[in-house]
Structure formats: structure tokens, C-alpha cells
$ cat final_35.cif   # mmCIF, N, CA and C atoms and all ligand atoms
data_start
#
loop_
_atom_site.label_atom_id
_atom_site.label_comp_id
_atom_site.auth_asym_id
_atom_site.auth_seq_id
_atom_site.Cartn_x
_atom_site.Cartn_y
_atom_site.Cartn_z
N MET G 1 86.09 93.71 103.11
CA MET G 1 85.59 92.67 102.22
C MET G 1 86.52 92.57 101.02
N TYR G 2 86.69 91.33 100.56
CA TYR G 2 87.52 91.15 99.38
C TYR G 2 86.76 91.57 98.12
N VAL G 3 87.36 92.43 97.35
CA VAL G 3 86.80 92.87 96.08
C VAL G 3 87.42 92.05 94.95
N CYS G 4 88.71 91.89 95.02
CA CYS G 4 89.45 91.13 94.01
C CYS G 4 90.01 89.86 94.65
N ILE G 5 89.39 88.76 94.32
CA ILE G 5 89.81 87.49 94.89
C ILE G 5 91.16 87.07 94.33
N CYS G 6 91.37 87.29 93.05
CA CYS G 6 92.63 86.85 92.42
C CYS G 6 93.85 87.47 93.09
N LYS G 7 93.75 88.75 93.43
CA LYS G 7 94.90 89.46 93.99
C LYS G 7 94.74 89.79 95.47
N GLY G 8 93.63 89.36 96.07
CA GLY G 8 93.44 89.59 97.50
C GLY G 8 93.33 91.05 97.88
N VAL G 9 92.63 91.82 97.06
CA VAL G 9 92.49 93.26 97.30
C VAL G 9 91.13 93.53 97.97
N THR G 10 91.16 94.28 99.05
CA THR G 10 89.94 94.59 99.79
C THR G 10 89.41 95.98 99.44
N ASP G 11 88.16 96.22 99.83
CA ASP G 11 87.59 97.56 99.63
C ASP G 11 88.38 98.59 100.42
N ARG G 12 88.85 98.19 101.58
CA ARG G 12 89.65 99.11 102.40
C ARG G 12 90.94 99.51 101.67
N ALA G 13 91.60 98.54 101.05
CA ALA G 13 92.84 98.84 100.32
C ALA G 13 92.58 99.81 99.18
N ILE G 14 91.44 99.64 98.52
CA ILE G 14 91.09 100.55 97.42
C ILE G 14 90.87 101.96 97.96
N ARG G 15 90.11 102.07 99.04
CA ARG G 15 89.85 103.40 99.63
C ARG G 15 91.14 104.04 100.14
N GLU G 16 92.03 103.22 100.69
CA GLU G 16 93.31 103.76 101.17
C GLU G 16 94.14 104.31 100.02
N GLN G 17 94.10 103.64 98.88
CA GLN G 17 94.85 104.14 97.72
C GLN G 17 94.32 105.50 97.26
N VAL G 18 93.00 105.64 97.26
CA VAL G 18 92.41 106.93 96.87
C VAL G 18 92.78 108.00 97.91
N ALA G 19 92.71 107.65 99.18
CA ALA G 19 93.07 108.60 100.23
C ALA G 19 94.54 108.99 100.13
N ALA G 20 95.36 108.08 99.60
CA ALA G 20 96.79 108.35 99.47
C ALA G 20 97.12 109.13 98.20
N GLY G 21 96.09 109.37 97.36
CA GLY G 21 96.34 110.22 96.20
C GLY G 21 96.04 109.62 94.85
N ALA G 22 95.65 108.36 94.79
CA ALA G 22 95.30 107.77 93.50
C ALA G 22 94.08 108.50 92.94
N ARG G 23 94.09 108.80 91.66
CA ARG G 23 93.01 109.57 91.05
C ARG G 23 92.33 108.87 89.89
N SER G 24 92.53 107.58 89.78
CA SER G 24 91.83 106.82 88.74
C SER G 24 91.86 105.35 89.12
N PHE G 25 90.96 104.60 88.49
CA PHE G 25 90.95 103.17 88.72
C PHE G 25 92.27 102.56 88.24
N ALA G 26 92.80 103.07 87.14
CA ALA G 26 94.07 102.55 86.62
C ALA G 26 95.20 102.70 87.64
N GLU G 27 95.22 103.83 88.33
CA GLU G 27 96.26 104.04 89.35
C GLU G 27 96.09 103.06 90.51
N VAL G 28 94.84 102.87 90.93
CA VAL G 28 94.58 101.93 92.02
C VAL G 28 94.95 100.51 91.58
N SER G 29 94.61 100.19 90.36
CA SER G 29 94.92 98.86 89.84
C SER G 29 96.43 98.62 89.78
N ARG G 30 97.17 99.63 89.34
CA ARG G 30 98.64 99.50 89.29
C ARG G 30 99.22 99.31 90.68
N ALA G 31 98.67 100.05 91.64
CA ALA G 31 99.22 100.02 93.00
C ALA G 31 98.87 98.73 93.75
N THR G 32 97.68 98.19 93.48
CA THR G 32 97.22 97.04 94.26
C THR G 32 97.25 95.72 93.50
N GLY G 33 97.22 95.80 92.19
CA GLY G 33 97.10 94.59 91.38
C GLY G 33 95.66 94.22 91.10
N CYS G 34 94.74 95.01 91.68
CA CYS G 34 93.31 94.74 91.51
C CYS G 34 92.94 94.71 90.02
N SER G 35 92.21 93.70 89.64
CA SER G 35 91.68 93.56 88.28
C SER G 35 92.78 93.32 87.24
N THR G 36 93.87 92.74 87.65
CA THR G 36 94.95 92.48 86.69
C THR G 36 95.04 91.01 86.30
N GLN G 37 94.08 90.21 86.76
CA GLN G 37 94.12 88.80 86.38
C GLN G 37 92.88 88.44 85.58
N CYS G 38 91.80 87.98 86.22
CA CYS G 38 90.61 87.58 85.46
C CYS G 38 89.76 88.78 85.05
N GLY G 39 89.81 89.86 85.84
CA GLY G 39 89.08 91.07 85.51
C GLY G 39 87.63 91.09 85.94
N LYS G 40 87.15 90.03 86.58
CA LYS G 40 85.74 89.98 86.97
C LYS G 40 85.39 91.01 88.04
N CYS G 41 86.37 91.52 88.74
CA CYS G 41 86.13 92.48 89.81
C CYS G 41 86.14 93.93 89.31
N SER G 42 86.46 94.15 88.07
CA SER G 42 86.75 95.51 87.60
C SER G 42 85.59 96.47 87.76
N CYS G 43 84.36 96.05 87.44
CA CYS G 43 83.22 96.97 87.54
C CYS G 43 83.00 97.43 88.98
N PHE G 44 83.00 96.47 89.90
CA PHE G 44 82.77 96.84 91.29
C PHE G 44 83.93 97.64 91.84
N ALA G 45 85.15 97.23 91.51
CA ALA G 45 86.32 97.95 92.01
C ALA G 45 86.33 99.39 91.49
N GLU G 46 85.97 99.56 90.23
CA GLU G 46 85.95 100.91 89.66
C GLU G 46 84.88 101.76 90.34
N SER G 47 83.74 101.15 90.67
CA SER G 47 82.69 101.91 91.36
C SER G 47 83.16 102.33 92.75
N LEU G 48 83.95 101.49 93.40
CA LEU G 48 84.49 101.87 94.72
C LEU G 48 85.47 103.03 94.60
N VAL G 49 86.30 103.01 93.56
CA VAL G 49 87.23 104.12 93.33
C VAL G 49 86.45 105.41 93.09
N ASP G 50 85.43 105.34 92.23
CA ASP G 50 84.62 106.53 91.95
C ASP G 50 83.97 107.06 93.22
N GLU G 51 83.42 106.15 94.02
CA GLU G 51 82.75 106.53 95.26
C GLU G 51 83.75 107.18 96.22
N ALA G 52 84.91 106.57 96.36
CA ALA G 52 85.93 107.11 97.29
C ALA G 52 86.41 108.47 96.82
N MET G 53 86.58 108.64 95.51
CA MET G 53 87.01 109.94 94.99
C MET G 53 85.92 110.97 95.21
N SER G 54 84.67 110.60 95.00
CA SER G 54 83.55 111.52 95.21
C SER G 54 83.48 111.97 96.67
N ARG G 55 83.64 111.03 97.57
CA ARG G 55 83.62 111.38 98.99
C ARG G 55 84.78 112.28 99.35
N GLY G 56 85.93 112.04 98.75
CA GLY G 56 87.09 112.87 99.00
C GLY G 56 86.86 114.29 98.56
N VAL G 57 86.22 114.46 97.41
CA VAL G 57 85.91 115.80 96.90
C VAL G 57 84.93 116.48 97.83
N GLN G 58 83.92 115.74 98.31
CA GLN G 58 82.94 116.32 99.21
C GLN G 58 83.59 116.75 100.52
N ILE G 59 84.50 115.93 101.04
CA ILE G 59 85.18 116.28 102.29
C ILE G 59 86.03 117.52 102.10
N GLN G 60 86.73 117.61 100.96
CA GLN G 60 87.54 118.80 100.69
C GLN G 60 86.67 120.03 100.59
N ALA G 61 85.50 119.91 99.94
CA ALA G 61 84.59 121.05 99.78
C ALA G 61 84.11 121.54 101.14
N VAL G 62 83.81 120.62 102.05
CA VAL G 62 83.35 121.00 103.38
C VAL G 62 84.49 121.68 104.14
N ARG G 63 85.70 121.16 103.99
CA ARG G 63 86.84 121.75 104.70
C ARG G 63 87.14 123.15 104.21
N GLN G 64 86.89 123.41 102.90
CA GLN G 64 87.20 124.72 102.33
C GLN G 64 86.11 125.74 102.61
N SER G 65 84.92 125.28 103.05
CA SER G 65 83.82 126.24 103.28
C SER G 65 83.84 126.75 104.70
S1 LIG G 101 88.85 88.90 90.89
FE1 LIG G 101 90.09 90.60 90.45
S2 LIG G 101 91.34 89.98 88.80
FE2 LIG G 101 90.14 88.23 89.28
#
$ encode --input "final_35.cif" --output "C-alpha cells" --more "lines below"
Ligand code: FES
Amino acid sequence: MYVCICKGVTDRAIREQVAAGARSFAEVSRATGCSTQCGKCSCFAESLVDEAMSRGVQIQAVRQS
């Protein structure tokens, strides 16, 4: 699904950036262009980054146990 219409950024692209090592919304934004125009997508995009990072931490915790 498109999260950022202005830059054509999808939820998948955001999750892929986190999986590739992005550790903040700012990093995802720099890499994808998300939220760099009108900014109306920023709240939802940031929540997706937080969710993806949280899931990544949970997966790492399971792998380490
Ligand atoms: S919808 Fe993302 S910058 Fe406009």
C-alpha cells in the first residue's frame, strides 16, 4: 500500500529499509524520500518504522534465546 503518495513510497519499502538497517524514521525518510514533500504521511510512516523496528527487536530476541 502506498504510504507516501508524493514520493510513491509503500509500506513494504519502509519495512525493507528497516530490515536493511535503518534505525530511525529520519534514516528511512532520507533513503526513500518519504515525507519530504507535503509531510501528510509522516505520522503513519513513522508508526510503520516504529512497528518494523519493534518486530525486528522481537525477532532478534527470539533468535538469541
Ligand atoms: S504524502 Fe508523503 S510527503 Fe506528501
$ atom_distance --input "final_35.cif" --atom1 "atom CA of Cys34 of chain G" --atom2 "atom CA of Ser54 of chain G"
19.8 Å
$ closest_residue --input "final_35.cif" --among "G:Thr10, G:Arg30, G:Met1, G:Phe25" --to "Val49 of chain G" --atoms "all atoms listed in the file"
G:Phe25
$ closest_residue --input "final_35.cif" --among "G:Ile5, G:Ile14, G:Val62, G:Ala31" --to "Ala45 of chain G" --atoms "only C-alpha atoms"
G:Ile14
$ closest_atom_pairs --input "final_35.cif" --of "chain G" --to "ligand LIG 101 (chain G)" --cutoff "6.5 Å" --atoms "all atoms listed in the file" --output "CSV"
residue,atom,partner,partner_atom,distance
G:Val3,C,G:LIG101,S1,5.3
G:Cys4,CA,G:LIG101,FE1,3.7
G:Ile5,N,G:LIG101,S1,3.5
G:Cys6,N,G:LIG101,S1,3.7
G:Lys7,N,G:LIG101,FE1,5.1
G:Gly33,C,G:LIG101,S2,6.5
G:Cys34,C,G:LIG101,FE1,5.0
G:Ser35,CA,G:LIG101,S2,3.6
G:Thr36,N,G:LIG101,S2,3.9
G:Gln37,N,G:LIG101,S2,3.4
G:Cys38,N,G:LIG101,S2,3.3
G:Gly39,N,G:LIG101,S2,3.3
G:Lys40,N,G:LIG101,FE2,4.4
G:Cys41,N,G:LIG101,FE1,4.2
G:Ser42,N,G:LIG101,FE1,5.6
$ atom_distance --input "final_35.cif" --atom1 "atom CA of Thr32 of chain G" --atom2 "atom CA of Val18 of chain G"
11.3 Å
$ select_by_dssp --input "final_35.cif" --residues "chain G" --states "strand (DSSP E)" --output "PyMOL selection string"
chain G and resi 2-4+9-10
$ write_last_selection --input "final_35.cif" --atoms "N, CA and C atoms" --output "PDB file, in the frame of the given file"
ATOM      1  N   TYR G   2      86.690  91.330 100.560  1.00  0.00           N
ATOM      2  CA  TYR G   2      87.520  91.150  99.380  1.00  0.00           C
ATOM      3  C   TYR G   2      86.760  91.570  98.120  1.00  0.00           C
ATOM      4  N   VAL G   3      87.360  92.430  97.350  1.00  0.00           N
ATOM      5  CA  VAL G   3      86.800  92.870  96.080  1.00  0.00           C
ATOM      6  C   VAL G   3      87.420  92.050  94.950  1.00  0.00           C
ATOM      7  N   CYS G   4      88.710  91.890  95.020  1.00  0.00           N
ATOM      8  CA  CYS G   4      89.450  91.130  94.010  1.00  0.00           C
ATOM      9  C   CYS G   4      90.010  89.860  94.650  1.00  0.00           C
ATOM     10  N   VAL G   9      92.630  91.820  97.060  1.00  0.00           N
ATOM     11  CA  VAL G   9      92.490  93.260  97.300  1.00  0.00           C
ATOM     12  C   VAL G   9      91.130  93.530  97.970  1.00  0.00           C
ATOM     13  N   THR G  10      91.160  94.280  99.050  1.00  0.00           N
ATOM     14  CA  THR G  10      89.940  94.590  99.790  1.00  0.00           C
ATOM     15  C   THR G  10      89.410  95.980  99.440  1.00  0.00           C
TER      16      THR G  10
END
$ closest_residue --input "final_35.cif" --among "G:Arg15, G:Ser65, G:Val9, G:Ser29" --to "Glu51 of chain G" --atoms "only N, CA and C atoms"
G:Arg15
$ select_by_dssp --input "final_35.cif" --residues "chain G" --states "alpha helix (DSSP H)" --output "PyMOL selection string"
chain G and resi 11-19+25-32+42-64
$ atom_distance --input "final_35.cif" --atom1 "atom CA of Phe44 of chain G" --atom2 "atom CA of Ala19 of chain G"
18.0 Å
